[in-house]
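One file, coords_12.csv, carrying CSV, C-alpha atoms:
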chain,number,residue,atom,x,y,z
A,1,MET,CA,-57.1,-29.4,41.8
A,2,VAL,CA,-54.6,-28.6,39.1
A,3,THR,CA,-55.9,-29.3,35.6
A,4,PRO,CA,-53.1,-30.6,33.3
A,5,ARG,CA,-52.5,-29.3,29.8
A,6,PRO,CA,-55.1,-30.7,27.4
A,7,ASP,CA,-52.7,-33.1,25.6
A,8,GLY,CA,-51.1,-34.2,28.9
A,9,ALA,CA,-47.7,-34.0,27.4
A,10,PRO,CA,-44.8,-33.5,29.8
A,11,SER,CA,-42.2,-30.8,29.3
A,12,ALA,CA,-39.0,-31.8,27.5
A,13,ALA,CA,-36.9,-31.0,30.6
A,14,PRO,CA,-37.7,-30.4,34.3
A,15,VAL,CA,-39.2,-27.0,34.8
A,16,GLN,CA,-36.8,-24.6,36.5
A,17,ILE,CA,-39.1,-21.6,36.8
A,18,GLU,CA,-42.9,-21.5,37.2
A,19,ILE,CA,-44.8,-18.4,36.5
A,20,VAL,CA,-48.1,-17.8,38.2
A,21,VAL,CA,-50.7,-15.7,36.4
A,22,PRO,CA,-53.7,-14.7,38.5
A,23,ALA,CA,-56.8,-14.1,36.3
A,24,ARG,CA,-60.3,-13.0,37.2
A,25,ASN,CA,-62.7,-12.5,34.3
A,26,GLU,CA,-59.8,-12.2,31.9
A,27,ALA,CA,-61.2,-14.2,29.0
A,28,ARG,CA,-60.9,-11.1,26.7
A,29,ARG,CA,-57.3,-10.1,27.6
A,30,LEU,CA,-55.8,-13.4,28.5
A,31,PRO,CA,-55.3,-15.0,25.1
A,32,ALA,CA,-52.9,-12.2,23.9
A,33,GLY,CA,-51.1,-12.0,27.2
A,34,LEU,CA,-50.7,-15.8,27.6
A,35,ASP,CA,-49.5,-16.1,24.0
A,36,ALA,CA,-46.8,-13.4,24.7
A,37,LEU,CA,-45.8,-15.0,27.9
A,38,CYS,CA,-45.5,-18.5,26.3
A,39,ARG,CA,-43.4,-17.2,23.5
A,40,LYS,CA,-41.1,-15.3,26.0
A,41,ALA,CA,-40.9,-18.3,28.4
A,42,ALA,CA,-40.0,-20.6,25.5
A,43,ALA,CA,-37.0,-18.4,24.7
A,44,LEU,CA,-35.6,-18.4,28.2
A,45,GLU,CA,-32.3,-20.2,28.9
A,46,VAL,CA,-34.0,-22.4,31.5
A,47,PRO,CA,-37.2,-24.6,31.1
A,48,ALA,CA,-40.3,-22.7,32.2
A,49,GLY,CA,-43.9,-23.6,33.1
A,50,ILE,CA,-47.0,-21.4,33.5
A,51,LEU,CA,-49.8,-21.8,36.0
A,52,VAL,CA,-52.9,-19.7,35.4
A,53,VAL,CA,-55.1,-19.3,38.5
A,54,ASP,CA,-58.7,-18.6,37.7
A,55,SER,CA,-59.8,-16.4,40.6
A,56,ALA,CA,-63.6,-17.2,40.8
A,57,SER,CA,-64.2,-15.9,37.3
A,58,THR,CA,-67.7,-15.7,35.9
A,59,ASP,CA,-66.6,-15.6,32.3
A,60,ALA,CA,-64.7,-18.1,30.0
A,61,THR,CA,-61.3,-17.5,31.6
A,62,SER,CA,-60.9,-21.2,32.5
A,63,ASP,CA,-62.0,-22.2,29.0
A,64,VAL,CA,-59.2,-20.1,27.4
A,65,VAL,CA,-56.6,-22.1,29.4
A,66,ARG,CA,-58.2,-25.5,28.9
A,67,ARG,CA,-58.2,-25.0,25.1
A,68,TRP,CA,-54.7,-23.6,25.0
A,69,PRO,CA,-52.7,-25.5,22.4
A,70,ALA,CA,-49.8,-27.7,23.3
A,71,GLY,CA,-46.4,-26.1,23.1
A,72,PRO,CA,-42.9,-26.1,24.5
A,73,VAL,CA,-44.1,-24.3,27.7
A,74,PRO,CA,-46.6,-26.3,29.8
A,75,VAL,CA,-49.6,-24.3,30.8
A,76,ARG,CA,-51.7,-25.5,33.8
A,77,LEU,CA,-55.0,-24.3,35.2
A,78,LEU,CA,-55.8,-23.9,38.9
A,79,HIS,CA,-59.2,-22.9,40.2
A,80,CYS,CA,-59.7,-20.5,43.2
A,81,ASP,CA,-63.2,-20.6,44.5
A,82,ARG,CA,-63.1,-17.2,46.2
A,83,PRO,CA,-62.1,-13.9,44.4
A,84,GLY,CA,-59.0,-11.9,45.5
A,85,LYS,CA,-55.7,-11.3,43.8
A,86,GLY,CA,-53.7,-12.1,46.9
A,87,LEU,CA,-55.6,-15.4,47.4
A,88,ALA,CA,-55.1,-16.3,43.8
A,89,VAL,CA,-51.3,-15.7,43.9
A,90,ARG,CA,-51.0,-17.5,47.2
A,91,THR,CA,-52.9,-20.5,45.8
A,92,GLY,CA,-50.6,-20.5,42.7
A,93,LEU,CA,-47.4,-20.2,44.6
A,94,LEU,CA,-48.3,-23.0,46.9
A,95,ALA,CA,-49.0,-25.2,43.9
A,96,THR,CA,-45.5,-24.7,42.5
A,97,ARG,CA,-42.5,-27.1,42.8
A,98,ALA,CA,-39.8,-25.4,40.8
A,99,PRO,CA,-36.5,-24.0,42.2
A,100,PHE,CA,-37.6,-20.5,41.0
A,101,VAL,CA,-41.2,-19.1,40.9
A,102,GLY,CA,-42.9,-15.8,40.3
A,103,PHE,CA,-46.0,-14.1,39.1
A,104,CYS,CA,-47.1,-11.5,36.6
A,105,ASP,CA,-50.4,-9.9,35.7
A,106,ALA,CA,-52.7,-11.3,33.0
A,107,ASP,CA,-52.5,-8.1,31.0
A,108,MET,CA,-48.7,-8.3,30.7
A,109,ALA,CA,-48.5,-4.6,31.6
A,110,THR,CA,-44.8,-5.1,32.4
A,111,ASP,CA,-42.7,-5.7,29.3
A,112,LEU,CA,-41.7,-9.3,29.3
A,113,ALA,CA,-38.0,-8.4,28.6
A,114,ALA,CA,-38.0,-8.1,32.4
A,115,LEU,CA,-38.2,-11.9,32.6
A,116,ASP,CA,-34.6,-12.2,31.4
A,117,VAL,CA,-33.5,-9.8,34.1
A,118,ALA,CA,-35.4,-11.6,36.8
A,119,VAL,CA,-34.0,-15.0,35.8
A,120,GLY,CA,-30.5,-13.6,35.7
A,121,LEU,CA,-30.9,-12.1,39.2
A,122,LEU,CA,-32.3,-15.3,40.6
A,123,ALA,CA,-29.5,-17.4,39.0
A,124,ALA,CA,-27.0,-15.0,40.6
A,125,GLY,CA,-28.3,-15.9,44.1
A,126,ASN,CA,-30.9,-13.2,44.7
A,127,SER,CA,-34.0,-14.8,46.3
A,128,LEU,CA,-36.5,-11.8,46.2
A,129,VAL,CA,-36.4,-9.9,42.9
A,130,VAL,CA,-39.1,-7.3,42.3
A,131,GLY,CA,-39.9,-5.1,39.2
A,132,SER,CA,-40.2,-1.5,40.2
A,133,ARG,CA,-41.8,1.4,38.3
A,134,GLY,CA,-40.2,3.7,40.9
A,135,LEU,CA,-36.6,3.4,39.8
A,136,ALA,CA,-35.1,6.1,37.6
A,137,ALA,CA,-34.3,3.7,34.8
A,138,SER,CA,-37.9,2.5,34.5
A,139,VAL,CA,-40.2,3.6,31.7
A,140,VAL,CA,-43.8,4.1,32.7
A,141,GLU,CA,-46.6,4.8,30.3
A,142,ASN,CA,-49.4,5.8,32.7
A,143,ARG,CA,-52.9,6.9,31.7
A,144,HIS,CA,-54.3,6.9,35.2
A,145,SER,CA,-56.6,9.7,36.4
A,146,ALA,CA,-55.4,12.4,38.8
A,147,VAL,CA,-57.5,10.8,41.5
A,148,ARG,CA,-56.0,7.4,41.1
A,149,ARG,CA,-52.4,8.9,41.0
A,150,ALA,CA,-53.1,10.7,44.3
A,151,GLY,CA,-54.5,7.6,45.9
A,152,ALA,CA,-51.4,5.6,44.7
A,153,ALA,CA,-49.1,8.2,46.3
A,154,VAL,CA,-50.9,7.8,49.6
A,155,PHE,CA,-50.7,4.0,49.2
A,156,ARG,CA,-47.0,4.0,48.5
A,157,ALA,CA,-46.3,6.2,51.5
A,158,MET,CA,-48.1,3.7,53.7
A,159,ALA,CA,-46.5,0.7,52.1
A,160,ARG,CA,-43.0,2.2,52.9
A,161,ARG,CA,-43.9,2.0,56.6
A,162,VAL,CA,-44.0,-1.8,56.2
A,163,VAL,CA,-41.2,-2.4,53.7
A,164,PRO,CA,-39.0,0.8,53.9
A,165,GLY,CA,-36.6,-0.3,51.2
A,166,ALA,CA,-39.2,-0.8,48.4
A,167,THR,CA,-39.8,1.9,45.8
A,168,ASP,CA,-42.8,0.1,44.3
A,169,THR,CA,-44.6,-2.7,46.0
A,170,GLN,CA,-47.5,-3.0,43.5
A,171,CYS,CA,-45.9,-3.7,40.2
A,172,GLY,CA,-47.2,-7.1,39.3
A,173,PHE,CA,-43.9,-8.7,38.4
A,174,LYS,CA,-42.2,-10.5,41.3
A,175,PHE,CA,-39.9,-13.5,41.4
A,176,PHE,CA,-38.5,-15.6,44.2
A,177,ALA,CA,-36.5,-18.6,45.2
A,178,GLY,CA,-39.1,-21.4,45.2
A,179,PRO,CA,-38.7,-22.5,48.9
A,180,LEU,CA,-38.8,-18.8,50.0
A,181,ALA,CA,-42.0,-18.1,48.0
A,182,ARG,CA,-43.8,-21.2,49.3
A,183,ALA,CA,-42.8,-20.5,52.9
A,184,ALA,CA,-44.0,-16.9,52.7
A,185,ALA,CA,-47.2,-17.9,50.9
A,186,GLN,CA,-48.1,-20.3,53.7
A,187,ARG,CA,-48.2,-17.3,56.0
A,188,LEU,CA,-49.9,-14.8,53.6
A,189,THR,CA,-53.3,-13.6,54.9
A,190,THR,CA,-54.1,-10.6,52.7
A,191,ALA,CA,-56.6,-11.7,50.0
A,192,GLY,CA,-56.9,-8.5,48.1
A,193,PHE,CA,-54.8,-6.1,46.0
A,194,ALA,CA,-52.5,-5.1,48.9
A,195,PHE,CA,-51.1,-8.6,49.3
A,196,ASP,CA,-47.8,-7.7,47.7
A,197,ILE,CA,-46.8,-5.6,50.7
A,198,GLU,CA,-47.3,-8.5,53.1
A,199,LEU,CA,-45.6,-11.0,50.7
A,200,ILE,CA,-42.5,-8.9,50.5
A,201,ALA,CA,-42.5,-8.3,54.3
A,202,LEU,CA,-42.8,-12.0,55.0
A,203,CYS,CA,-39.9,-12.8,52.6
A,204,GLN,CA,-37.8,-10.3,54.5
A,205,ARG,CA,-38.8,-11.8,57.8
A,206,LEU,CA,-37.6,-15.1,56.4
A,207,GLY,CA,-34.2,-13.7,55.8
A,208,ALA,CA,-34.4,-12.5,52.1
A,209,SER,CA,-33.0,-9.2,50.9
A,210,LEU,CA,-35.1,-7.2,48.5
A,211,THR,CA,-33.6,-6.6,45.0
A,212,GLU,CA,-35.5,-4.3,42.7
A,213,PHE,CA,-34.9,-3.8,39.0
A,214,PRO,CA,-36.3,-1.3,36.5
A,215,VAL,CA,-39.1,-2.2,34.1
A,216,HIS,CA,-41.0,-0.9,31.1
A,217,TRP,CA,-44.6,-0.7,32.3
A,218,GLN,CA,-47.7,0.3,30.3
A,219,ASP,CA,-51.1,1.1,31.8
A,220,MET,CA,-53.4,-1.4,30.1
A,221,PRO,CA,-57.1,-0.8,29.6
A,222,GLY,CA,-59.6,-3.2,31.3
A,223,SER,CA,-57.9,-3.2,34.8
A,224,THR,CA,-59.9,-5.1,37.4
A,225,PHE,CA,-58.9,-2.6,40.1
A,226,SER,CA,-61.6,0.0,40.7
A,227,VAL,CA,-60.8,3.1,42.6
A,228,PRO,CA,-64.3,3.5,44.1
A,229,ARG,CA,-64.7,-0.2,44.9
A,230,HIS,CA,-61.2,-1.2,46.0
A,231,SER,CA,-59.3,1.8,47.4
A,232,ALA,CA,-60.8,1.8,50.9
A,233,MET,CA,-60.3,-2.0,51.2
A,234,ALA,CA,-56.7,-1.7,50.0
A,235,LEU,CA,-55.8,1.0,52.5
A,236,ARG,CA,-57.5,-0.9,55.3
A,237,ASP,CA,-55.4,-4.0,54.3
A,238,VAL,CA,-52.2,-1.9,54.4
A,239,VAL,CA,-53.0,-0.8,58.0
A,240,SER,CA,-53.7,-4.4,59.0
A,241,ILE,CA,-50.4,-5.5,57.4
A,242,TRP,CA,-48.5,-2.7,59.2
A,243,LEU,CA,-50.0,-3.7,62.6
A,244,ALA,CA,-49.1,-7.3,62.0
A,245,HIS,CA,-45.5,-6.6,60.9
A,246,ARG,CA,-44.6,-3.7,63.1
A,247,PRO,CA,-41.3,-4.2,65.0
A,248,GLY,CA,-42.7,-6.0,68.1
A,249,ARG,CA,-45.0,-8.2,66.0
A,250,ALA,CA,-42.2,-8.9,63.5
A,251,ALA,CA,-40.1,-10.4,66.2
A,252,ALA,CA,-42.8,-12.9,66.9
A,253,VAL,CA,-43.1,-13.8,63.3
A,254,VAL,CA,-39.3,-14.5,63.1
A,255,ALA,CA,-39.4,-16.6,66.3
A,256,ASP,CA,-42.1,-18.8,64.8
A,257,ALA,CA,-40.5,-18.9,61.3
A,258,PRO,CA,-38.5,-21.7,59.7
A,259,GLU,CA,-34.8,-21.4,59.1
A,260,PRO,CA,-33.9,-18.3,57.0
A,261,VAL,CA,-33.9,-18.9,53.2
A,262,ALA,CA,-32.0,-15.8,52.1
A,263,THR,CA,-30.2,-17.3,49.1
A,264,ALA,CA,-31.7,-18.8,46.0
A,265,PRO,CA,-31.0,-22.4,45.0
A,266,VAL,CA,-28.7,-23.1,42.1
A,267,LEU,CA,-30.3,-24.0,38.8
A,268,GLU,CA,-31.0,-27.7,39.0
A,269,PRO,CA,-34.1,-30.0,38.6
A,270,PRO,CA,-37.0,-29.7,41.0
A,271,GLY,CA,-36.8,-31.8,44.1
A,272,GLU,CA,-34.0,-29.8,45.8
A,273,ALA,CA,-33.7,-30.1,49.5
A,274,LEU,CA,-35.8,-27.5,51.3
A,275,PRO,CA,-34.5,-25.5,54.3
A,276,ALA,CA,-35.3,-27.0,57.7
A,277,GLY,CA,-38.8,-26.4,58.8
A,278,ILE,CA,-40.2,-25.8,55.2
A,279,THR,CA,-42.4,-28.5,53.8
A,280,PRO,CA,-43.2,-28.9,50.1
A,281,ALA,CA,-46.1,-26.8,48.9
Write the structure described by the file as structure tokens, please.
Amino acid sequence: MVTPRPDGAPSAAPVQIEIVVPARNEARRLPAGLDALCRKAAALEVPAGILVVDSASTDATSDVVRRWPAGPVPVRLLHCDRPGKGLAVRTGLLATRAPFVGFCDADMATDLAALDVAVGLLAAGNSLVVGSRGLAASVVENRHSAVRRAGAAVFRAMARRVVPGATDTQCGFKFFAGPLARAAAQRLTTAGFAFDIELIALCQRLGASLTEFPVHWQDMPGSTFSVPRHSAMALRDVVSIWLAHRPGRAAAVVADAPEPVATAPVLEPPGEALPAGITPA
């Protein structure tokens, strides 16, 4: 169940974009990241809201959100009983109502100036806009070990088998037309770190074209991704995603999918008509 902001105050205008922040045991890093996101969201040209999804945390992550002071950007809390970044993002996306939605990491590793770019691309009619560290114009401050860099290269090569047009599937900064995101999230099955690949693939199956944009990304200390603990699972998930979305299987997905939602809605209050076959999240 969604927990309202402590003061229960509504936003001044209908929220046009909702930003999901998956958070597992982020009590230490979340205050600074959430503060930066709130300040940036308040400066956007459209009203924004934030939804923090506590992914089965065992620390005070939820308390940070519950005690968050009232401000111009509403901050909501949603609980996810099972861990998994993919599950947390899916839960958050399905709880949104705004015409535009997206998600970013709790550590705010992607410079939030990218939010202006994402909103501009969405307003221009692009329905699937993804920050990419793989573009020439991106700035990447990376402190990862050689082992992790090698594993990431293997992961990217496998990911391109599923989404050939993507230069970077794992940058945690992705935004969507709301109806598209909710329709794709309904079909999302990957609970772990590789979920981004399946989410992009599902959006493409629903008729969306991928638009990437450069970002300034900084490797932040305290990542919840562990090479020894998560690499094998992530690679296994990529194989499963590829098997589910290979050409023959993809045709079956399309046949069972709702009407394509390739274009973003215009900026207007929530409650816009959804494409045929897509029910509210």
> What lies within 12 Å of A:Ala56 using only C-alpha atoms, ignoring chain neighbours under 5 positions off, as a PyMOL selection string?
Replying inline: chain A and resi 22-26+61-62+78-85+87-88
> From the list A:Val162, A:Thr58, A:Gly125, A:Glu18, which residue is nearest A:Arg76 when using only C-alpha atoms?
Replying inline: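 With only C-alpha atoms as the atom set, the closest residue is A:Glu18.
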>> Using Å and a single decimal, report how far atom CA of A:Ser55 sits from atom CA of A:Ser132.
In response: 24.6 Å
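Considering all atoms listed in the file, the residue among A:Glu45, A:Asp54, A:Asp63, A:Asp105 positioned nearest to A:Val119 is A:Glu45.
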Extract, using only C-alpha atoms, all DNA, RNA and protein residues at most 7 Å from A:Gly178, discarding same-chain residues fewer than 6 positions from it, and format them as an mmCIF file with C-alpha atoms, keeping the file's coordinate frame.
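Once everything was written out, this is part.cif:
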data_model
loop_
_atom_site.group_PDB
_atom_site.id
_atom_site.type_symbol
_atom_site.label_atom_id
_atom_site.label_comp_id
_atom_site.auth_asym_id
_atom_site.auth_seq_id
_atom_site.Cartn_x
_atom_site.Cartn_y
_atom_site.Cartn_z
ATOM 1 C CA ALA A 98 -39.800 -25.400 40.800
ATOM 2 C CA PRO A 99 -36.500 -24.000 42.200
ATOM 3 C CA PHE A 100 -37.600 -20.500 41.000
ATOM 4 C CA VAL A 101 -41.200 -19.100 40.900
#
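Interatomic distance, atom CA of A:Gln218 to atom CA of A:Ala201: 26.0 Å.
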>> Under the rule that all atoms listed in the file are counted, which of A:Leu180, A:Ile50, A:Ala60, A:Ala194 is the nearest residue to A:Leu128?
In response: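 Among the listed residues, the smallest separation from A:Leu128 belongs to A:Leu180.
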> Any idea what the distance is between atom CA of A:Leu112 and atom CA of A:His216?
Replying inline: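 Going from atom CA of A:Leu112 over to atom CA of A:His216 covers 8.6 Å.
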> Out of A:Met158, A:Ala152, A:Cys203, A:Ile17, which residue has the shortest atom-to-atom distance to A:Gly134 when counting all atoms listed in the file?
Replying inline: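 Using all atoms listed in the file, the shortest distance to A:Gly134 belongs to A:Ala152.
For the set A:Pro179, A:Ala36, A:Ala42, A:Gly49, the residue with the smallest atom-to-atom gap to A:Val75 is A:Gly49, counting all atoms listed in the file.
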>> Could you check the closest approach to A:Pro69 for each of A:Leu51, A:Leu34, A:Val239, A:Val89 and tell me which residue wins, using only C-alpha atoms?
In response: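 Closest residue, counting only C-alpha atoms: A:Leu34.
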